[in-house]
Amino acid sequence: MSMIGQVHVKNNQYKIKGDFHHFTPNTPIRNADDAWKLMGVTNPRDMTYMHSYGGEALFFESLSQGRLMATRCDNPKCETKGSIYQPFRIHCPDCLAKMTPIDMTNIAKKTAKVHTFMVCERSGAFNILDKPIKFINIEFDGVCTILMSYLSVGEPKMGMRVVPIFQTLDPTYTILDLAWVPDGTEADQLPKGFSF
Ligand SMILES: [Zn+2]
């Protein structure tokens, strides 16, 4: 029995356990219109990729705990000092200083609004969201950027107030742990695993 690859960090090094690639038998590709002659083979490939979050790890850890983190430039020499960025970014785009993480969960709960939206009937490979996907761009008071996410309950409208929900029960530690619902949505209407 093989075990799917797992990783932790100790002494500043990756420590890996299990299998990071898996051999799967190939199969022939044959021509149904010509006596099933051999045309080639399939080459199944499956691997586990180690995706480092670097300075953004705090953002994803916080989602799993029901908190939305942003960053703020606190460099006194920066022309745009005090600007708050959501999505979370490490360095200020104006002065390149390392920014300060801040918890903006309450700002999101009290001020998030749909800036614009699009509804997608089709999706790309590996999509696991229910279709149609209601992508929303979200604006917040006092935040200089717009966040792209999706509405998981109801229908989007321009300017509609929305609140964040978090997958804290069984987190994926990805952006899928964050979604939005119309303000006033009841807790029992939320998708499985999500809470306010
Ligand atoms: Zn700056």
# chains A, B, ... in the order shown; residues from 1 in each chain; ligands from 1

$ select_by_dssp --residues "chain A" --states "strand (DSSP E)" --output "PyMOL selection string"
chain A and resi 6-10+13-17+21-22+28-31+37-41+46-47+69-72+84-85+100-103+113-120+133-139+147-151+162-167+178-182+194-195

$ residues_around --residues "Val114 of chain A" --least-positions-apart "3" --cutoff "6 Å" --atoms "only C-alpha atoms" --output "PDB file with N, CA and C atoms, in the first residue's frame"
ATOM      1  N   ASN A 137     -17.057  40.490  -7.339  1.00  0.00           N
ATOM      2  CA  ASN A 137     -15.961  41.370  -6.942  1.00  0.00           C
ATOM      3  C   ASN A 137     -16.483  42.178  -5.766  1.00  0.00           C
ATOM      4  N   ILE A 138     -15.703  42.198  -4.690  1.00  0.00           N
ATOM      5  CA  ILE A 138     -16.198  42.760  -3.439  1.00  0.00           C
ATOM      6  C   ILE A 138     -15.385  43.985  -3.053  1.00  0.00           C
ATOM      7  N   MET A 158     -25.870  44.195  -8.041  1.00  0.00           N
ATOM      8  CA  MET A 158     -24.920  45.293  -7.891  1.00  0.00           C
ATOM      9  C   MET A 158     -25.177  46.008  -6.567  1.00  0.00           C
ATOM     10  N   GLY A 159     -24.100  46.248  -5.803  1.00  0.00           N
ATOM     11  CA  GLY A 159     -24.206  47.003  -4.558  1.00  0.00           C
ATOM     12  C   GLY A 159     -24.746  46.215  -3.374  1.00  0.00           C
ATOM     13  N   MET A 160     -25.094  44.950  -3.587  1.00  0.00           N
ATOM     14  CA  MET A 160     -25.675  44.129  -2.521  1.00  0.00           C
ATOM     15  C   MET A 160     -24.684  43.939  -1.365  1.00  0.00           C
TER      16      MET A 160
END

$ residues_near_ligand --ligand "ligand 1" --cutoff "12 Å" --atoms "only C-alpha atoms and all ligand atoms" --output "list in words"
Thr71, Arg72, Cys73, Asp74, Asn75, Pro76, Lys77, Cys78, Glu79, Thr80, Lys81, Gly82, Ser83, Ile84, Tyr85, Arg89, Ile90, His91, Cys92, Pro93, Asp94, Cys95, Leu96, Ala97, Lys98, Met99 and Thr100 of chain A

$ residues_around --residues "Gly66 of chain A" --least-positions-apart "4" --cutoff "7 Å" --atoms "only C-alpha atoms" --output "PDB file with N, CA and C atoms, in the first residue's frame"
ATOM      1  N   SER A  62      -5.560  31.775   8.724  1.00  0.00           N
ATOM      2  CA  SER A  62      -6.624  32.573   9.343  1.00  0.00           C
ATOM      3  C   SER A  62      -7.992  32.231   8.771  1.00  0.00           C
ATOM      4  N   PHE A 166     -16.790  31.038   6.297  1.00  0.00           N
ATOM      5  CA  PHE A 166     -15.492  30.354   6.331  1.00  0.00           C
ATOM      6  C   PHE A 166     -15.691  28.856   6.536  1.00  0.00           C
ATOM      7  N   THR A 168     -14.542  26.294   8.340  1.00  0.00           N
ATOM      8  CA  THR A 168     -13.706  26.044   9.516  1.00  0.00           C
ATOM      9  C   THR A 168     -13.829  24.596  10.001  1.00  0.00           C
TER      10      THR A 168
END

$ closest_residue --among "A:Phe140, A:Phe88, A:Phe194, A:Phe117" --to "Ala57 of chain A" --atoms "only C-alpha atoms"
A:Phe88

$ residues_around --residues "Leu68 of chain A" --least-positions-apart "6" --cutoff "9 Å" --atoms "only C-alpha atoms" --output "VMD selection string"
chain A and resid 59 to 60 62 102 to 106 108 164 166 178

$ select_by_dssp --residues "segment 5-150 of chain A" --states "alpha helix (DSSP H)" --output "NGL selection string"
:A and (57-63 or 105-111)

$ closest_residue --among "A:Gly193, A:Lys15, A:His22, A:Tyr150" --to "Asp170 of chain A" --atoms "only C-alpha atoms"
A:Gly193
